[in-house]
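Trainee: So here's protein_1.csv (CSV, C-alpha atoms).
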chain,number,residue,atom,x,y,z
A,1,MET,CA,-24.0,13.8,-3.5
A,2,GLU,CA,-27.8,13.5,-3.2
A,3,GLY,CA,-28.9,11.9,0.0
A,4,GLY,CA,-25.5,12.2,1.5
A,5,ALA,CA,-24.3,8.9,0.0
A,6,SER,CA,-20.6,8.4,0.0
A,7,PRO,CA,-18.9,8.1,-3.4
A,8,THR,CA,-17.9,4.6,-4.5
A,9,ARG,CA,-14.2,3.8,-4.6
A,10,LYS,CA,-11.9,1.3,-6.3
A,11,VAL,CA,-9.6,-0.7,-4.0
A,12,MET,CA,-6.9,-2.8,-5.7
A,13,VAL,CA,-5.4,-5.8,-3.8
A,14,VAL,CA,-2.2,-7.2,-5.1
A,15,ALA,CA,-3.1,-10.9,-5.4
A,16,ASP,CA,-0.5,-13.6,-5.0
A,17,PRO,CA,-0.6,-17.1,-3.5
A,18,THR,CA,1.1,-16.1,-0.3
A,19,ARG,CA,0.0,-15.5,3.3
A,20,GLU,CA,1.0,-11.9,3.0
A,21,SER,CA,-1.5,-11.4,0.1
A,22,ALA,CA,-4.1,-13.2,2.1
A,23,ALA,CA,-3.6,-10.8,5.0
A,24,ALA,CA,-3.9,-7.9,2.5
A,25,LEU,CA,-7.2,-9.2,1.2
A,26,GLN,CA,-8.5,-9.7,4.7
A,27,TYR,CA,-7.6,-6.2,5.7
A,28,ALA,CA,-9.3,-4.8,2.5
A,29,LEU,CA,-12.4,-6.8,3.1
A,30,SER,CA,-12.7,-5.9,6.8
A,31,HIS,CA,-11.5,-2.3,6.7
A,32,GLY,CA,-10.9,-1.1,3.1
A,33,VAL,CA,-14.1,-1.6,1.2
A,34,VAL,CA,-17.8,-0.7,1.9
A,35,GLU,CA,-21.0,-1.4,0.0
A,36,HIS,CA,-20.9,-0.7,-3.7
A,37,ASP,CA,-17.1,-0.2,-3.8
A,38,THR,CA,-15.2,-2.1,-6.5
A,39,LEU,CA,-12.5,-4.6,-5.4
A,40,ILE,CA,-9.9,-5.3,-8.0
A,41,LEU,CA,-7.7,-8.4,-7.4
A,42,LEU,CA,-4.6,-7.8,-9.5
A,43,HIS,CA,-2.2,-10.7,-10.2
A,44,VAL,CA,1.1,-9.8,-11.9
A,45,LYS,CA,2.3,-12.9,-13.5
A,46,ASN,CA,6.0,-13.7,-13.3
A,47,PRO,CA,7.1,-15.7,-16.4
A,48,ASN,CA,9.9,-17.3,-14.5
A,49,ALA,CA,7.7,-18.6,-11.7
A,50,TRP,CA,7.4,-22.0,-13.3
A,51,LYS,CA,11.0,-22.6,-12.7
A,52,ASN,CA,10.4,-23.1,-9.0
A,53,PRO,CA,9.4,-26.8,-8.6
A,54,PHE,CA,7.8,-26.1,-5.2
A,55,SER,CA,5.4,-23.3,-6.3
A,56,PHE,CA,2.4,-25.4,-7.3
A,57,PHE,CA,-0.6,-25.8,-5.1
A,58,LYS,CA,-4.3,-25.9,-5.3
A,59,TRP,CA,-6.5,-24.0,-2.9
A,60,PRO,CA,-9.6,-25.6,-1.3
A,61,THR,CA,-13.0,-24.0,-2.0
A,62,PRO,CA,-13.9,-21.7,0.9
A,63,SER,CA,-17.2,-22.0,2.7
A,64,THR,CA,-19.4,-19.4,4.2
A,65,SER,CA,-18.5,-20.6,7.7
A,66,THR,CA,-14.7,-20.1,7.0
A,67,THR,CA,-13.1,-16.8,7.9
A,68,VAL,CA,-11.1,-15.3,5.1
A,69,TYR,CA,-7.7,-15.5,6.9
A,70,ALA,CA,-8.4,-18.9,8.4
A,71,PHE,CA,-9.2,-20.2,4.9
A,72,PHE,CA,-6.0,-18.8,3.4
A,73,SER,CA,-3.9,-20.0,6.4
A,74,SER,CA,-5.1,-23.5,5.9
A,75,SER,CA,-4.0,-23.5,2.3
A,76,SER,CA,-0.6,-24.7,1.1
A,77,PHE,CA,1.8,-21.7,0.7
A,78,THR,CA,5.4,-21.5,-0.4
A,79,GLU,CA,8.0,-18.8,-0.7
A,80,GLY,CA,8.1,-19.3,-4.4
A,81,GLY,CA,5.0,-17.2,-5.3
A,82,SER,CA,2.4,-18.1,-7.9
A,83,SER,CA,2.0,-21.2,-9.9
A,84,SER,CA,1.8,-21.0,-13.6
A,85,SER,CA,1.4,-24.7,-14.3
A,86,SER,CA,-0.7,-26.2,-17.1
A,87,CYS,CA,-3.2,-27.2,-14.4
A,88,GLY,CA,-4.4,-23.6,-14.0
A,89,GLY,CA,-2.8,-22.9,-10.6
A,90,ASP,CA,-3.1,-19.1,-11.2
A,91,MET,CA,-6.8,-19.3,-11.7
A,92,ASP,CA,-7.3,-21.7,-8.7
A,93,PHE,CA,-6.0,-19.1,-6.2
A,94,LEU,CA,-7.5,-16.1,-7.9
A,95,GLU,CA,-11.0,-17.7,-8.1
A,96,ALA,CA,-10.6,-18.7,-4.5
A,97,MET,CA,-9.8,-15.1,-3.5
A,98,ARG,CA,-12.7,-13.9,-5.6
A,99,HIS,CA,-15.1,-16.4,-4.0
A,100,ALA,CA,-13.9,-15.5,-0.5
A,101,SER,CA,-14.4,-11.8,-1.3
A,102,GLU,CA,-17.9,-12.3,-2.6
A,103,ILE,CA,-18.8,-14.3,0.5
A,104,SER,CA,-17.4,-11.7,2.9
A,105,GLN,CA,-18.7,-8.6,1.0
A,106,PRO,CA,-21.6,-9.6,-1.2
A,107,LYS,CA,-22.5,-6.0,-2.1
A,108,VAL,CA,-19.0,-5.2,-3.3
A,109,ARG,CA,-18.2,-5.6,-7.0
A,110,VAL,CA,-15.2,-8.0,-7.4
A,111,GLN,CA,-12.9,-8.0,-10.5
A,112,VAL,CA,-10.0,-10.2,-11.3
A,113,GLU,CA,-7.2,-8.8,-13.4
A,114,LYS,CA,-4.1,-10.8,-14.7
A,115,VAL,CA,-1.2,-9.0,-16.3
A,116,GLU,CA,2.2,-9.9,-17.5
A,117,MET,CA,5.4,-8.3,-16.2
A,118,GLU,CA,6.8,-8.0,-19.8
A,119,GLY,CA,10.3,-7.3,-18.6
A,120,LYS,CA,9.2,-4.5,-16.2
A,121,GLU,CA,9.5,-4.3,-12.5
A,122,LYS,CA,6.4,-5.7,-10.7
A,123,ALA,CA,5.9,-2.4,-8.8
A,124,ASP,CA,5.8,-0.4,-12.0
A,125,VAL,CA,3.2,-2.7,-13.5
A,126,ILE,CA,1.1,-2.3,-10.4
A,127,ILE,CA,1.3,1.5,-10.6
A,128,HIS,CA,0.4,1.4,-14.3
A,129,CYS,CA,-2.6,-0.8,-13.7
A,130,SER,CA,-3.8,1.4,-10.7
A,131,THR,CA,-3.6,4.5,-12.9
A,132,LEU,CA,-5.4,2.7,-15.8
A,133,HIS,CA,-8.3,1.7,-13.5
A,134,SER,CA,-8.3,5.0,-11.5
A,135,VAL,CA,-7.8,3.2,-8.3
A,136,ASP,CA,-8.2,5.0,-5.0
A,137,ILE,CA,-6.3,2.6,-2.7
A,138,ILE,CA,-3.7,-0.1,-3.3
A,139,VAL,CA,-3.4,-2.8,-0.6
A,140,ILE,CA,-0.4,-5.1,-0.7
A,141,GLY,CA,0.8,-7.7,1.7
A,142,GLN,CA,4.3,-7.1,3.1
A,143,LYS,CA,6.7,-9.6,4.6
A,144,ARG,CA,9.0,-7.6,6.9
A,145,THR,CA,12.6,-8.9,7.0
A,146,LEU,CA,15.7,-7.6,8.7
A,147,SER,CA,17.3,-6.8,5.4
A,148,ASN,CA,14.4,-4.6,4.0
A,149,ALA,CA,14.0,-3.0,7.4
A,150,ILE,CA,17.6,-1.9,7.2
A,151,LEU,CA,17.8,-1.2,3.4
A,152,GLY,CA,14.3,0.0,2.9
A,153,GLN,CA,15.1,3.7,2.5
A,154,ARG,CA,14.2,6.1,-0.3
A,155,LYS,CA,16.9,6.1,-3.0
A,156,ASN,CA,15.9,8.7,-5.5
A,157,GLY,CA,12.8,6.7,-6.6
A,158,SER,CA,14.8,3.6,-7.4
A,159,LEU,CA,13.7,0.1,-6.6
A,160,ARG,CA,17.2,-0.6,-5.2
A,161,GLY,CA,16.9,-1.2,-1.5
A,162,LEU,CA,13.1,-1.1,-1.6
A,163,ASP,CA,10.7,-4.1,-1.6
A,164,THR,CA,7.7,-3.8,-3.9
A,165,ALA,CA,5.4,-2.6,-1.1
A,166,GLU,CA,7.8,0.2,0.0
A,167,TYR,CA,8.2,1.3,-3.6
A,168,LEU,CA,4.5,1.5,-4.1
A,169,ILE,CA,4.1,3.5,-0.9
A,170,GLU,CA,6.6,6.0,-2.1
A,171,ASN,CA,5.7,6.2,-5.8
A,172,SER,CA,2.0,5.4,-6.4
A,173,LYS,CA,-0.3,8.3,-7.2
A,174,CYS,CA,-3.0,6.9,-4.9
A,175,THR,CA,-2.8,5.8,-1.3
A,176,CYS,CA,-0.9,2.5,-0.8
A,177,VAL,CA,-1.4,0.5,2.3
A,178,ALA,CA,1.2,-2.3,3.1
A,179,VAL,CA,-0.2,-4.9,5.4
A,180,GLN,CA,1.5,-7.3,7.8
A,181,LYS,CA,-0.5,-9.7,10.0
A,182,LYS,CA,0.8,-11.6,13.1
A,183,GLY,CA,-1.6,-14.5,13.8
A,184,GLN,CA,-5.2,-14.9,13.0
A,185,ASN,CA,-6.6,-12.6,15.7
A,186,ALA,CA,-3.6,-10.3,16.3
A,187,GLY,CA,-4.6,-7.4,14.1
A,188,PHE,CA,-2.7,-5.7,11.3
A,189,LEU,CA,0.6,-3.7,11.2
A,190,LEU,CA,0.1,-1.1,8.5
A,191,ASN,CA,2.5,1.2,6.6
A,192,THR,CA,1.5,4.1,4.4
A,193,LYS,CA,3.3,7.2,3.2
A,194,THR,CA,2.1,9.1,6.3
A,195,HIS,CA,1.8,6.3,8.9
A,196,LYS,CA,4.6,3.9,9.7
A,197,ASN,CA,4.1,0.7,11.7
A,198,PHE,CA,0.5,1.6,12.7
A,199,TRP,CA,-1.1,-1.2,14.7
A,200,LEU,CA,-4.7,-1.9,14.0
A,201,LEU,CA,-6.5,-4.4,16.2
A,202,ALA,CA,-8.5,-7.1,14.5
Once you've parsed the file, please lay out its structure as structure tokens.
Mentor:
Amino acid sequence: MEGGASPTRKVMVVADPTRESAAALQYALSHGVVEHDTLILLHVKNPNAWKNPFSFFKWPTPSTSTTVYAFFSSSSFTEGGSSSSSCGGDMDFLEAMRHASEISQPKVRVQVEKVEMEGKEKADVIIHCSTLHSVDIIVIGQKRTLSNAILGQRKNGSLRGLDTAEYLIENSKCTCVAVQKKGQNAGFLLNTKTHKNFWLLA
């Protein structure tokens, strides 16, 4: 390119109201995007999420003096995933993530996308959206458990035994980075198709 400028990229972060998703966004903002890239916050809505009575929460508005992860960590999270209440819980956390992204990376274009699962697996919906938007990198938060550490092996491309992050790593056409974070200043544990359990200091 003229002037030696780097080509712009599209980075997609899987956006959910969880600490794992917050860690994925923090990694994307600090290490995944540069000026003039496009950051896509993709939320795959689960139509059954409303059945969890503990899933509702409202995020506070972040300030310029609040670090991204500290802001997310101070919010109320549950294991149940996203809220789809009539009070607009989905947009509360998505708009908070957008706002935090714009504060952290003001020269990065931020888009919010909301899609329905429509009877499909979440990972397949994410792959479809990444292809539709010509995404270069998918970033997803991953909660490592003993069960998926033992069972998380390739099984002929099936979702069986794989969590969503592991499936995306193995089957997405673009690079997928699964992010785990241990504490606010402890750095990131990353997994990709070519690098397993790679430790990146904060």
Trainee: Taking (-8.2, -1.5, 11.6) as a centre in this file's frame and 8 Å as the limit, can you find every polymer residue with an atom that close, using all atoms listed in the file, and give them as a CSV table (one decimal) with C-alpha atoms, in the frame of the given file?
Mentor:
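And here's point00.csv as it stands now:
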chain,number,residue,atom,x,y,z
A,27,TYR,CA,-7.6,-6.2,5.7
A,30,SER,CA,-12.7,-5.9,6.8
A,31,HIS,CA,-11.5,-2.3,6.7
A,187,GLY,CA,-4.6,-7.4,14.1
A,188,PHE,CA,-2.7,-5.7,11.3
A,199,TRP,CA,-1.1,-1.2,14.7
A,200,LEU,CA,-4.7,-1.9,14.0
A,201,LEU,CA,-6.5,-4.4,16.2
A,202,ALA,CA,-8.5,-7.1,14.5
Trainee: Mind checking which residues fall within 10 Å of region 117-131 of chain A, counting all atoms listed in the file, ignoring those fewer than 4 positions away in the same chain, and posting them as a PDB file with C-alpha atoms, in the frame of the given file?
Mentor:
ATOM      1  CA  LYS A  10     -11.900   1.300  -6.300  1.00  0.00           C
ATOM      2  CA  VAL A  11      -9.600  -0.700  -4.000  1.00  0.00           C
ATOM      3  CA  MET A  12      -6.900  -2.800  -5.700  1.00  0.00           C
ATOM      4  CA  VAL A  13      -5.400  -5.800  -3.800  1.00  0.00           C
ATOM      5  CA  VAL A  14      -2.200  -7.200  -5.100  1.00  0.00           C
ATOM      6  CA  ILE A  40      -9.900  -5.300  -8.000  1.00  0.00           C
ATOM      7  CA  LEU A  42      -4.600  -7.800  -9.500  1.00  0.00           C
ATOM      8  CA  HIS A  43      -2.200 -10.700 -10.200  1.00  0.00           C
ATOM      9  CA  VAL A  44       1.100  -9.800 -11.900  1.00  0.00           C
ATOM     10  CA  LYS A  45       2.300 -12.900 -13.500  1.00  0.00           C
ATOM     11  CA  ASN A  46       6.000 -13.700 -13.300  1.00  0.00           C
ATOM     12  CA  PRO A  47       7.100 -15.700 -16.400  1.00  0.00           C
ATOM     13  CA  GLU A 113      -7.200  -8.800 -13.400  1.00  0.00           C
ATOM     14  CA  VAL A 135      -7.800   3.200  -8.300  1.00  0.00           C
ATOM     15  CA  ASP A 136      -8.200   5.000  -5.000  1.00  0.00           C
ATOM     16  CA  ILE A 137      -6.300   2.600  -2.700  1.00  0.00           C
ATOM     17  CA  ILE A 138      -3.700  -0.100  -3.300  1.00  0.00           C
ATOM     18  CA  LEU A 159      13.700   0.100  -6.600  1.00  0.00           C
ATOM     19  CA  ASP A 163      10.700  -4.100  -1.600  1.00  0.00           C
ATOM     20  CA  THR A 164       7.700  -3.800  -3.900  1.00  0.00           C
ATOM     21  CA  ALA A 165       5.400  -2.600  -1.100  1.00  0.00           C
ATOM     22  CA  GLU A 166       7.800   0.200   0.000  1.00  0.00           C
ATOM     23  CA  TYR A 167       8.200   1.300  -3.600  1.00  0.00           C
ATOM     24  CA  LEU A 168       4.500   1.500  -4.100  1.00  0.00           C
ATOM     25  CA  ASN A 171       5.700   6.200  -5.800  1.00  0.00           C
ATOM     26  CA  SER A 172       2.000   5.400  -6.400  1.00  0.00           C
ATOM     27  CA  LYS A 173      -0.300   8.300  -7.200  1.00  0.00           C
ATOM     28  CA  CYS A 174      -3.000   6.900  -4.900  1.00  0.00           C
TER      29      CYS A 174
END
Trainee: Quick check, in Å to one decimal: how far apart do CA of Gln142 (chain A) and CA of Val34 (chain A) lie?
Mentor: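 These two atoms are separated by 23.0 Å.
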Trainee: How many Å separate CA of Val177 (chain A) from CA of Lys193 (chain A)?
Mentor: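 About the pair CA of Val177 (chain A) and CA of Lys193 (chain A): they are 8.2 Å apart.
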Trainee: Mind giving me the straight-line distance from CA of Asn191 (chain A) to CA of Gly32 (chain A) in Å, one decimal?
Mentor: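 Rounded to one decimal, the two atoms are 14.0 Å apart.
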Trainee: Using only C-alpha atoms, find the one residue out of A:Ala23, A:Pro17, A:Pro7, A:Val115 that sits nearest to Lys182 (chain A).
Mentor: A:Ala23
Trainee: Residues within 8 Å of (1.3, -6.3, 2.4), file coordinates, counting all atoms listed in the file: what are they? Give the list as a count of residues only.
Mentor: 14
Trainee: Go through A:Leu190, A:Leu39, A:Ala15, A:Leu162 one by one, measure the shortest atom-to-atom distance of each to Glu102 (chain A) using all atoms listed in the file, and give the residue with the smallest value.
Mentor: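 Distance minimum relative to Glu102 (chain A) lands on A:Leu39.
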Trainee: Give the answer as one residue: which of A:Arg98, A:Arg109, A:Lys196, A:Lys114 has the shortest atom-to-atom distance to Gln26 (chain A), using only C-alpha atoms?
Mentor: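 Comparing A:Arg98, A:Arg109, A:Lys196, A:Lys114 against Gln26 (chain A), the winner is A:Arg98.
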